[in-house]
>>> print(open('target_26.cif').read())   # mmCIF, C-alpha atoms
data_model
loop_
_atom_site.group_PDB
_atom_site.id
_atom_site.type_symbol
_atom_site.label_atom_id
_atom_site.label_comp_id
_atom_site.auth_asym_id
_atom_site.auth_seq_id
_atom_site.Cartn_x
_atom_site.Cartn_y
_atom_site.Cartn_z
ATOM 1 C CA MET A 1 72.879 12.583 -26.885
ATOM 2 C CA ALA A 2 69.231 13.564 -26.711
ATOM 3 C CA ALA A 3 66.998 12.478 -29.554
ATOM 4 C CA PRO A 4 65.553 15.112 -31.906
ATOM 5 C CA ARG A 5 62.115 16.393 -30.898
ATOM 6 C CA LYS A 6 59.341 16.855 -33.426
ATOM 7 C CA GLY A 7 57.142 19.867 -32.871
ATOM 8 C CA LEU A 8 56.120 23.414 -33.622
ATOM 9 C CA VAL A 9 57.616 26.646 -32.316
ATOM 10 C CA HIS A 10 54.977 29.262 -31.541
ATOM 11 C CA GLN A 11 55.955 32.907 -31.140
ATOM 12 C CA TYR A 12 53.247 33.942 -28.677
ATOM 13 C CA THR A 13 54.584 37.476 -28.249
ATOM 14 C CA ALA A 14 57.636 39.460 -29.324
ATOM 15 C CA ARG A 15 60.897 37.517 -28.711
ATOM 16 C CA LEU A 16 59.177 34.784 -26.665
ATOM 17 C CA THR A 17 58.201 31.318 -27.863
ATOM 18 C CA ALA A 18 56.534 28.088 -26.773
ATOM 19 C CA PHE A 19 57.458 24.682 -28.171
ATOM 20 C CA GLU A 20 54.540 22.375 -28.979
ATOM 21 C CA HIS A 21 55.473 18.688 -28.945
ATOM 22 C CA THR A 22 53.427 17.098 -31.722
ATOM 23 C CA PRO A 23 52.215 13.475 -31.799
ATOM 24 C CA THR A 24 54.150 11.091 -34.021
ATOM 25 C CA THR A 25 51.040 10.008 -35.906
ATOM 26 C CA PRO A 26 48.287 12.554 -35.216
ATOM 27 C CA LEU A 27 44.828 11.925 -36.571
ATOM 28 C CA SER A 28 44.000 15.585 -36.143
ATOM 29 C CA PRO A 29 45.720 18.575 -34.501
ATOM 30 C CA PRO A 30 45.356 18.220 -30.687
ATOM 31 C CA GLN A 31 43.190 20.913 -29.159
ATOM 32 C CA ASN A 32 44.075 20.521 -25.476
ATOM 33 C CA ILE A 33 47.307 22.171 -24.350
ATOM 34 C CA LEU A 34 49.583 21.413 -21.382
ATOM 35 C CA LEU A 35 51.958 24.358 -21.060
ATOM 36 C CA PHE A 36 55.162 23.351 -19.259
ATOM 37 C CA ILE A 37 56.932 26.055 -17.245
ATOM 38 C CA GLY A 38 60.484 25.215 -16.253
ATOM 39 C CA GLY A 39 62.444 26.090 -13.145
ATOM 40 C CA LEU A 40 65.560 28.180 -12.655
ATOM 41 C CA PHE A 41 67.938 27.858 -15.654
ATOM 42 C CA ASP A 42 65.391 25.926 -17.772
ATOM 43 C CA GLY A 43 64.254 27.148 -21.166
ATOM 44 C CA LEU A 44 64.630 24.728 -24.080
ATOM 45 C CA LEU A 45 61.435 22.882 -25.093
ATOM 46 C CA THR A 46 59.321 24.734 -22.503
ATOM 47 C CA VAL A 47 57.396 28.010 -22.471
ATOM 48 C CA HIS A 48 60.175 30.529 -23.051
ATOM 49 C CA LEU A 49 59.959 33.480 -20.649
ATOM 50 C CA SER A 50 62.189 36.494 -20.060
ATOM 51 C CA SER A 51 63.286 34.665 -16.905
ATOM 52 C CA SER A 52 64.360 31.508 -18.756
ATOM 53 C CA TYR A 53 67.955 30.258 -18.571
ATOM 54 C CA THR A 54 69.856 32.810 -16.416
ATOM 55 C CA GLY A 55 67.304 35.593 -16.873
ATOM 56 C CA TRP A 56 65.459 34.690 -13.652
ATOM 57 C CA GLY A 57 68.058 36.473 -11.515
ATOM 58 C CA THR A 58 66.905 39.897 -12.693
ATOM 59 C CA SER A 59 63.234 39.076 -13.286
ATOM 60 C CA ASN A 60 60.260 38.378 -11.010
ATOM 61 C CA LEU A 61 57.103 36.277 -10.746
ATOM 62 C CA GLN A 62 54.817 39.160 -11.726
ATOM 63 C CA LYS A 63 56.598 39.483 -15.059
ATOM 64 C CA ASP A 64 56.441 35.716 -15.570
ATOM 65 C CA ALA A 65 52.693 35.736 -14.910
ATOM 66 C CA ALA A 66 52.127 38.576 -17.372
ATOM 67 C CA GLU A 67 54.036 36.724 -20.096
ATOM 68 C CA LEU A 68 52.236 33.463 -19.339
ATOM 69 C CA SER A 69 48.921 35.249 -19.717
ATOM 70 C CA LYS A 70 49.997 36.332 -23.199
ATOM 71 C CA CYS A 71 50.936 32.735 -23.960
ATOM 72 C CA VAL A 72 47.571 31.408 -22.771
ATOM 73 C CA THR A 73 45.750 34.105 -24.738
ATOM 74 C CA TYR A 74 47.693 33.133 -27.866
ATOM 75 C CA PHE A 75 46.737 29.468 -27.568
ATOM 76 C CA ARG A 76 43.124 30.331 -26.748
ATOM 77 C CA GLY A 77 43.061 31.923 -30.182
ATOM 78 C CA ILE A 78 44.209 28.801 -32.050
ATOM 79 C CA LYS A 79 42.987 25.912 -29.866
ATOM 80 C CA THR A 80 39.488 24.971 -28.750
ATOM 81 C CA GLY A 81 40.277 22.630 -25.850
ATOM 82 C CA LYS A 82 41.497 23.012 -22.287
ATOM 83 C CA ILE A 83 44.681 24.780 -21.253
ATOM 84 C CA VAL A 84 46.550 23.577 -18.166
ATOM 85 C CA LEU A 85 49.786 24.965 -16.758
ATOM 86 C CA MET A 86 52.341 22.481 -15.430
ATOM 87 C CA GLY A 87 55.218 24.000 -13.516
ATOM 88 C CA HIS A 88 58.497 22.511 -12.354
ATOM 89 C CA SER A 89 60.265 24.057 -9.344
ATOM 90 C CA THR A 90 60.045 27.854 -9.801
ATOM 91 C CA GLY A 91 57.455 27.137 -12.493
ATOM 92 C CA CYS A 92 55.248 26.111 -9.550
ATOM 93 C CA GLN A 93 55.661 29.559 -8.005
ATOM 94 C CA ASP A 94 54.700 31.021 -11.376
ATOM 95 C CA ILE A 95 51.399 29.121 -11.311
ATOM 96 C CA ILE A 96 50.535 30.231 -7.777
ATOM 97 C CA GLU A 97 51.408 33.812 -8.733
ATOM 98 C CA TYR A 98 49.323 33.486 -11.900
ATOM 99 C CA LEU A 99 46.259 32.335 -9.968
ATOM 100 C CA THR A 100 46.487 34.385 -6.770
ATOM 101 C CA GLY A 101 48.957 37.247 -7.217
ATOM 102 C CA SER A 102 48.206 40.896 -7.822
ATOM 103 C CA GLY A 103 46.153 41.315 -11.014
ATOM 104 C CA HIS A 104 45.249 37.616 -11.249
ATOM 105 C CA ALA A 105 41.626 38.354 -12.179
ATOM 106 C CA SER A 106 42.710 40.043 -15.406
ATOM 107 C CA ARG A 107 44.860 37.126 -16.603
ATOM 108 C CA ALA A 108 43.706 34.674 -19.252
ATOM 109 C CA LYS A 109 41.738 31.827 -17.656
ATOM 110 C CA ILE A 110 43.288 28.390 -17.364
ATOM 111 C CA ASP A 111 41.526 25.091 -16.651
ATOM 112 C CA GLY A 112 43.954 23.738 -14.072
ATOM 113 C CA GLY A 113 47.501 23.704 -12.763
ATOM 114 C CA ILE A 114 50.050 21.021 -11.882
ATOM 115 C CA LEU A 115 52.856 21.720 -9.416
ATOM 116 C CA GLN A 116 55.803 19.318 -9.852
ATOM 117 C CA GLY A 117 58.625 19.788 -7.366
ATOM 118 C CA PRO A 118 57.179 22.749 -5.402
ATOM 119 C CA VAL A 119 60.150 23.428 -3.132
ATOM 120 C CA SER A 120 61.132 26.340 -0.926
ATOM 121 C CA ASP A 121 64.120 28.252 -2.288
ATOM 122 C CA ARG A 122 64.632 29.855 1.112
ATOM 123 C CA GLN A 123 64.824 26.556 2.939
ATOM 124 C CA ALA A 124 67.062 25.091 0.217
ATOM 125 C CA ILE A 125 69.397 28.054 0.641
ATOM 126 C CA GLU A 126 69.352 27.631 4.429
ATOM 127 C CA ILE A 127 70.400 24.001 3.963
ATOM 128 C CA GLY A 128 73.049 24.583 1.310
ATOM 129 C CA LEU A 129 74.639 27.902 2.285
ATOM 130 C CA ASP A 130 76.832 28.632 5.276
ATOM 131 C CA PRO A 131 74.635 30.391 7.902
ATOM 132 C CA ALA A 132 76.985 33.373 8.135
ATOM 133 C CA LEU A 133 76.996 33.803 4.345
ATOM 134 C CA TYR A 134 73.214 33.478 4.218
ATOM 135 C CA ALA A 135 72.697 36.139 6.865
ATOM 136 C CA GLY A 136 75.318 38.405 5.296
ATOM 137 C CA SER A 137 73.874 38.088 1.783
ATOM 138 C CA CYS A 138 70.420 39.055 3.048
ATOM 139 C CA GLU A 139 71.791 42.056 4.937
ATOM 140 C CA THR A 140 73.714 43.191 1.864
ATOM 141 C CA ALA A 141 70.598 42.835 -0.299
ATOM 142 C CA LYS A 142 68.493 44.787 2.226
ATOM 143 C CA ALA A 143 71.067 47.588 2.308
ATOM 144 C CA MET A 144 71.166 47.776 -1.490
ATOM 145 C CA ILE A 145 67.366 48.039 -1.653
ATOM 146 C CA GLN A 146 67.313 50.740 1.025
ATOM 147 C CA ASP A 147 69.879 52.681 -1.027
ATOM 148 C CA GLY A 148 67.697 52.444 -4.105
ATOM 149 C CA ASP A 149 69.874 49.779 -5.749
ATOM 150 C CA GLY A 150 67.489 46.840 -5.521
ATOM 151 C CA ASP A 151 67.742 46.128 -9.244
ATOM 152 C CA GLU A 152 71.541 46.035 -9.143
ATOM 153 C CA ILE A 153 73.425 42.719 -9.065
ATOM 154 C CA LEU A 154 74.283 41.262 -5.676
ATOM 155 C CA PRO A 155 78.065 40.603 -5.387
ATOM 156 C CA SER A 156 78.623 36.888 -6.005
ATOM 157 C CA LYS A 157 80.961 36.622 -3.020
ATOM 158 C CA THR A 158 78.075 37.381 -0.678
ATOM 159 C CA MET A 159 76.219 34.223 -1.712
ATOM 160 C CA LYS A 160 79.254 32.107 -2.690
ATOM 161 C CA SER A 161 77.844 31.575 -6.205
ATOM 162 C CA PHE A 162 75.037 29.473 -4.714
ATOM 163 C CA PHE A 163 73.105 29.735 -7.975
ATOM 164 C CA GLY A 164 76.110 29.225 -10.223
ATOM 165 C CA PRO A 165 76.655 31.635 -13.126
ATOM 166 C CA ALA A 166 73.365 33.544 -12.875
ATOM 167 C CA PRO A 167 73.580 37.230 -11.908
ATOM 168 C CA VAL A 168 71.015 37.868 -9.150
ATOM 169 C CA SER A 169 69.630 41.268 -8.209
ATOM 170 C CA ALA A 170 69.239 42.285 -4.585
ATOM 171 C CA LYS A 171 65.442 42.288 -4.978
ATOM 172 C CA ARG A 172 65.318 38.772 -6.441
ATOM 173 C CA TRP A 173 67.653 37.406 -3.781
ATOM 174 C CA LEU A 174 65.396 38.637 -0.994
ATOM 175 C CA SER A 175 62.350 37.465 -2.939
ATOM 176 C CA LEU A 176 63.825 33.969 -2.818
ATOM 177 C CA ALA A 177 65.693 34.029 0.483
ATOM 178 C CA SER A 178 64.206 36.601 2.870
ATOM 179 C CA PRO A 179 64.681 35.350 6.446
ATOM 180 C CA ASN A 180 61.488 37.196 7.411
ATOM 181 C CA HIS A 181 59.387 34.591 5.550
ATOM 182 C CA ASP A 182 57.942 37.351 3.370
ATOM 183 C CA GLY A 183 59.747 36.863 0.057
ATOM 184 C CA ASP A 184 57.636 37.186 -3.083
ATOM 185 C CA ASP A 185 58.771 33.687 -4.145
ATOM 186 C CA ASP A 186 58.228 32.104 -0.727
ATOM 187 C CA PHE A 187 55.076 30.040 -1.292
ATOM 188 C CA PHE A 188 56.113 26.501 -0.341
ATOM 189 C CA SER A 189 58.179 26.758 2.837
ATOM 190 C CA SER A 190 57.077 24.311 5.518
ATOM 191 C CA ASP A 191 57.226 26.976 8.249
ATOM 192 C CA LEU A 192 54.808 29.493 6.727
ATOM 193 C CA SER A 193 51.846 30.586 8.851
ATOM 194 C CA ASP A 194 48.251 29.726 7.970
ATOM 195 C CA GLU A 195 47.682 33.436 7.450
ATOM 196 C CA ARG A 196 50.406 33.495 4.813
ATOM 197 C CA LEU A 197 49.094 30.337 3.118
ATOM 198 C CA MET A 198 45.577 31.777 2.980
ATOM 199 C CA LYS A 199 46.933 34.330 0.497
ATOM 200 C CA THR A 200 48.032 31.542 -1.861
ATOM 201 C CA PHE A 201 46.404 28.128 -1.457
ATOM 202 C CA GLY A 202 43.497 29.713 0.404
ATOM 203 C CA ALA A 203 42.957 32.209 -2.427
ATOM 204 C CA LEU A 204 42.866 29.787 -5.359
ATOM 205 C CA PRO A 205 40.026 30.654 -7.740
ATOM 206 C CA LYS A 206 36.948 28.470 -7.967
ATOM 207 C CA GLY A 207 36.970 26.238 -11.027
ATOM 208 C CA THR A 208 40.749 26.036 -11.455
ATOM 209 C CA PRO A 209 41.945 22.961 -9.526
ATOM 210 C CA LEU A 210 45.558 22.154 -8.711
ATOM 211 C CA CYS A 211 47.461 18.881 -8.589
ATOM 212 C CA VAL A 212 50.533 18.885 -6.319
ATOM 213 C CA LEU A 213 53.360 16.414 -6.927
ATOM 214 C CA HIS A 214 56.319 16.410 -4.544
ATOM 215 C CA SER A 215 59.427 14.318 -5.212
ATOM 216 C CA GLY A 216 60.156 11.841 -2.437
ATOM 217 C CA GLY A 217 63.918 12.078 -2.873
ATOM 218 C CA ASP A 218 64.106 15.808 -3.656
ATOM 219 C CA GLU A 219 67.688 16.860 -2.982
ATOM 220 C CA TYR A 220 66.645 20.456 -2.256
ATOM 221 C CA VAL A 221 64.318 19.509 0.597
ATOM 222 C CA ASP A 222 65.169 18.528 4.165
ATOM 223 C CA PRO A 223 64.976 14.706 4.084
ATOM 224 C CA LYS A 224 63.181 14.791 7.442
ATOM 225 C CA LEU A 225 60.307 16.866 6.061
ATOM 226 C CA ASP A 226 56.986 15.007 5.911
ATOM 227 C CA LYS A 227 55.967 15.922 2.361
ATOM 228 C CA GLU A 228 52.627 14.119 2.510
ATOM 229 C CA LYS A 229 51.730 16.102 5.615
ATOM 230 C CA LEU A 230 52.770 19.346 3.922
ATOM 231 C CA ILE A 231 50.600 18.618 0.873
ATOM 232 C CA GLN A 232 47.688 17.759 3.155
ATOM 233 C CA ARG A 233 48.133 21.097 4.897
ATOM 234 C CA TRP A 234 47.901 22.895 1.559
ATOM 235 C CA ILE A 235 44.770 20.879 0.734
ATOM 236 C CA GLU A 236 43.126 21.839 4.024
ATOM 237 C CA ILE A 237 44.027 25.519 3.513
ATOM 238 C CA SER A 238 42.475 25.426 0.027
ATOM 239 C CA LYS A 239 39.229 24.118 1.530
ATOM 240 C CA LYS A 240 38.949 27.299 3.580
ATOM 241 C CA GLY A 241 38.655 29.247 0.354
ATOM 242 C CA GLU A 242 36.890 28.589 -2.952
ATOM 243 C CA GLY A 243 39.708 26.690 -4.640
ATOM 244 C CA LYS A 244 40.572 23.014 -4.797
ATOM 245 C CA VAL A 245 43.684 20.860 -4.595
ATOM 246 C CA ASP A 246 43.081 17.410 -6.101
ATOM 247 C CA GLU A 247 43.193 14.924 -3.226
ATOM 248 C CA VAL A 248 43.131 11.847 -5.466
ATOM 249 C CA HIS A 249 46.085 12.533 -7.741
ATOM 250 C CA SER A 250 48.245 14.848 -5.605
ATOM 251 C CA GLY A 251 50.960 13.198 -3.552
ATOM 252 C CA VAL A 252 54.597 12.227 -3.226
ATOM 253 C CA LEU A 253 56.464 10.501 -6.060
ATOM 254 C CA GLU A 254 58.581 8.087 -4.054
ATOM 255 C CA GLY A 255 62.092 7.625 -5.414
ATOM 256 C CA ALA A 256 61.951 10.783 -7.541
ATOM 257 C CA LYS A 257 64.616 13.488 -7.506
ATOM 258 C CA HIS A 258 63.786 17.173 -7.886
ATOM 259 C CA ASN A 259 63.620 17.105 -11.697
ATOM 260 C CA LEU A 260 63.201 13.310 -11.979
ATOM 261 C CA LYS A 261 66.695 12.981 -13.442
ATOM 262 C CA GLY A 262 67.654 9.325 -13.648
ATOM 263 C CA ALA A 263 64.187 8.232 -12.576
ATOM 264 C CA SER A 264 63.199 4.625 -13.148
ATOM 265 C CA GLU A 265 60.398 3.663 -15.517
ATOM 266 C CA GLU A 266 58.295 2.903 -12.452
ATOM 267 C CA VAL A 267 58.753 6.429 -11.058
ATOM 268 C CA LEU A 268 58.101 8.073 -14.423
ATOM 269 C CA GLY A 269 55.070 5.850 -14.895
ATOM 270 C CA GLY A 270 53.753 7.022 -11.528
ATOM 271 C CA LEU A 271 54.134 10.640 -12.576
ATOM 272 C CA VAL A 272 52.377 10.068 -15.892
ATOM 273 C CA LYS A 273 49.548 8.167 -14.183
ATOM 274 C CA ARG A 274 48.893 10.992 -11.728
ATOM 275 C CA VAL A 275 49.093 13.702 -14.404
ATOM 276 C CA LEU A 276 46.771 11.853 -16.783
ATOM 277 C CA GLY A 277 44.371 11.121 -13.935
ATOM 278 C CA PHE A 278 44.217 14.794 -13.046
ATOM 279 C CA LEU A 279 43.728 15.872 -16.665
ATOM 280 C CA GLU A 280 40.985 13.284 -17.196
ATOM 281 C CA SER A 281 39.238 14.535 -14.050
ATOM 282 C CA LEU A 282 38.956 17.950 -15.695
ATOM 283 C CA ASP A 283 36.996 16.361 -18.539
ATOM 284 C CA GLU A 284 34.743 14.615 -16.006
ATOM 285 C CA LYS A 285 34.131 17.944 -14.267
ATOM 286 C CA SER A 286 33.070 19.518 -17.567
ATOM 287 C CA ALA A 287 30.752 16.607 -18.339
ATOM 288 C CA ASN A 288 29.014 17.095 -14.988
ATOM 289 C CA LEU A 289 28.348 20.794 -15.455
#
>>> encode(input="target_26.cif", output="structure tokens")
Amino acid sequence: MAAPRKGLVHQYTARLTAFEHTPTTPLSPPQNILLFIGGLFDGLLTVHLSSSYTGWGTSNLQKDAAELSKCVTYFRGIKTGKIVLMGHSTGCQDIIEYLTGSGHASRAKIDGGILQGPVSDRQAIEIGLDPALYAGSCETAKAMIQDGDGDEILPSKTMKSFFGPAPVSAKRWLSLASPNHDGDDDFFSSDLSDERLMKTFGALPKGTPLCVLHSGGDEYVDPKLDKEKLIQRWIEISKKGEGKVDEVHSGVLEGAKHNLKGASEEVLGGLVKRVLGFLESLDEKSANL
């Protein structure tokens, strides 16, 4: 049984909350905020979004980004320090959308972002779903969208309940799984063109660095994929624009699963070391301004 967590629940907008983990023995209220954005099916003890738990199947990244901006704005009003977004899995897509998607310039400014477990849903689906079912599910979703039913729920038999109990709309399925490599959620696939990556990693805003942390034993990634090489590619793409991916603290957490479940103290310590190093580098950047 999980131990009780001490903290504060903040209602940052109507019906949506964020849980602040508070120090056991605080000397003063902490002013820096690390907002944790979960992946598909997550929700408890994270930033609660409309897409939390099973809501993601009928939501989208644009809506997530809009809600996150409200959350950041709320904390800007009560905290005086830095605000960093840390995303897990689809939470990583949320951060990229937040920083580079349509309307990004109007969103509340953040001081940095951490991507933990940035995997490709499309490639995970290609690995885990029968090829005939994958192709058929995409064709069904395309037909529904063409008929004006993109917001309707895709029949579960077409995707063999790949995502368990979550109802998934035709639009969201193609956003995740489009075989044309053009899905709205498709930011981290290893086969994306440089042109496509220039719209994400190449469009990162100046002054908002990213730290990228892949899991070495991620069960949703082809084990033959060179994750270090993929991260380096994202770093090089970012250099073509004005943004920055931290080359010192980004990397692969060897021995880590997708969500670090069952991770050893050594693996968890490696994660914490990289995260703290990245956060401390933000303070150094401010001191040098």
>>> residues_around(input="target_26.cif", residues="segment 51-64 of chain A", least_positions_apart="4", cutoff="7 Å", atoms="all atoms listed in the file", output="PyMOL selection string")
chain A and resi 40-43+68+94+97+166-169+172
>>> residues_around(input="target_26.cif", residues="segment 195-201 of chain A", least_positions_apart="4", cutoff="7 Å", atoms="all atoms listed in the file", output="VMD selection string")
chain A and resid 96 100 234 237 to 238
>>> resolve_selection(input="target_26.cif", expression="the PyMOL selection byres ((chain A and resi 34-37) around 7)", output="count of residues only")
13
>>> closest_residue(input="target_26.cif", among="A:Gly241, A:Gly269, A:Gly77, A:Gly217", to="Glu254 of chain A", atoms="only C-alpha atoms")
A:Gly217
>>> closest_residue(input="target_26.cif", among="A:Phe278, A:Tyr134, A:Phe187, A:Phe162", to="Cys211 of chain A", atoms="all atoms listed in the file")
A:Phe278
>>> axis_aligned_box(input="target_26.cif", around="segment 126-140 of chain A", padding_each_side="5 Å", output="AutoDock Vina command-line options")
--center_x 73.2 --center_y 33.6 --center_z 4.7 --size_x 17.6 --size_y 29.2 --size_z 16.8
>>> resolve_selection(input="target_26.cif", expression="the PyMOL selection byres ((chain A and resi 250) around 10)", output="list in words")
Ile114, Leu115, Gln116, Leu210, Cys211, Val212, Leu213, His214, Glu228, Ile231, Gln232, Ile235, Val245, Asp246, Glu247, Val248, His249, Gly251, Val252, Leu253, Arg274, Val275, Gly277 and Phe278 of chain A
>>> atom_distance(input="target_26.cif", atom1="atom CA of Phe188 of chain A", atom2="atom CA of Asp226 of chain A")
13.1 Å
>>> resolve_selection(input="target_26.cif", expression="the PyMOL selection byres ((chain A and resi 109) around 10)", output="ChimeraX atom specification")
/A:69,72-73,76,82-84,98-99,104-108,110-112,207-208
>>> atom_distance(input="target_26.cif", atom1="atom CA of Leu44 of chain A", atom2="atom CA of Gly183 of chain A")
27.5 Å
>>> atom_distance(input="target_26.cif", atom1="atom CA of Phe75 of chain A", atom2="atom CA of Pro118 of chain A")
25.4 Å
>>> residues_around(input="target_26.cif", residues="Arg15 of chain A", least_positions_apart="3", cutoff="9 Å", atoms="only C-alpha atoms", output="list in words")
Gln11, Tyr12 and Ser50 of chain A
>>> write_last_selection(input="target_26.cif", atoms="C-alpha atoms", output="tab-separated table (two decimals), in the frame of the given file")
chain	number	residue	atom	x	y	z
A	11	GLN	CA	55.96	32.91	-31.14
A	12	TYR	CA	53.25	33.94	-28.68
A	50	SER	CA	62.19	36.49	-20.06
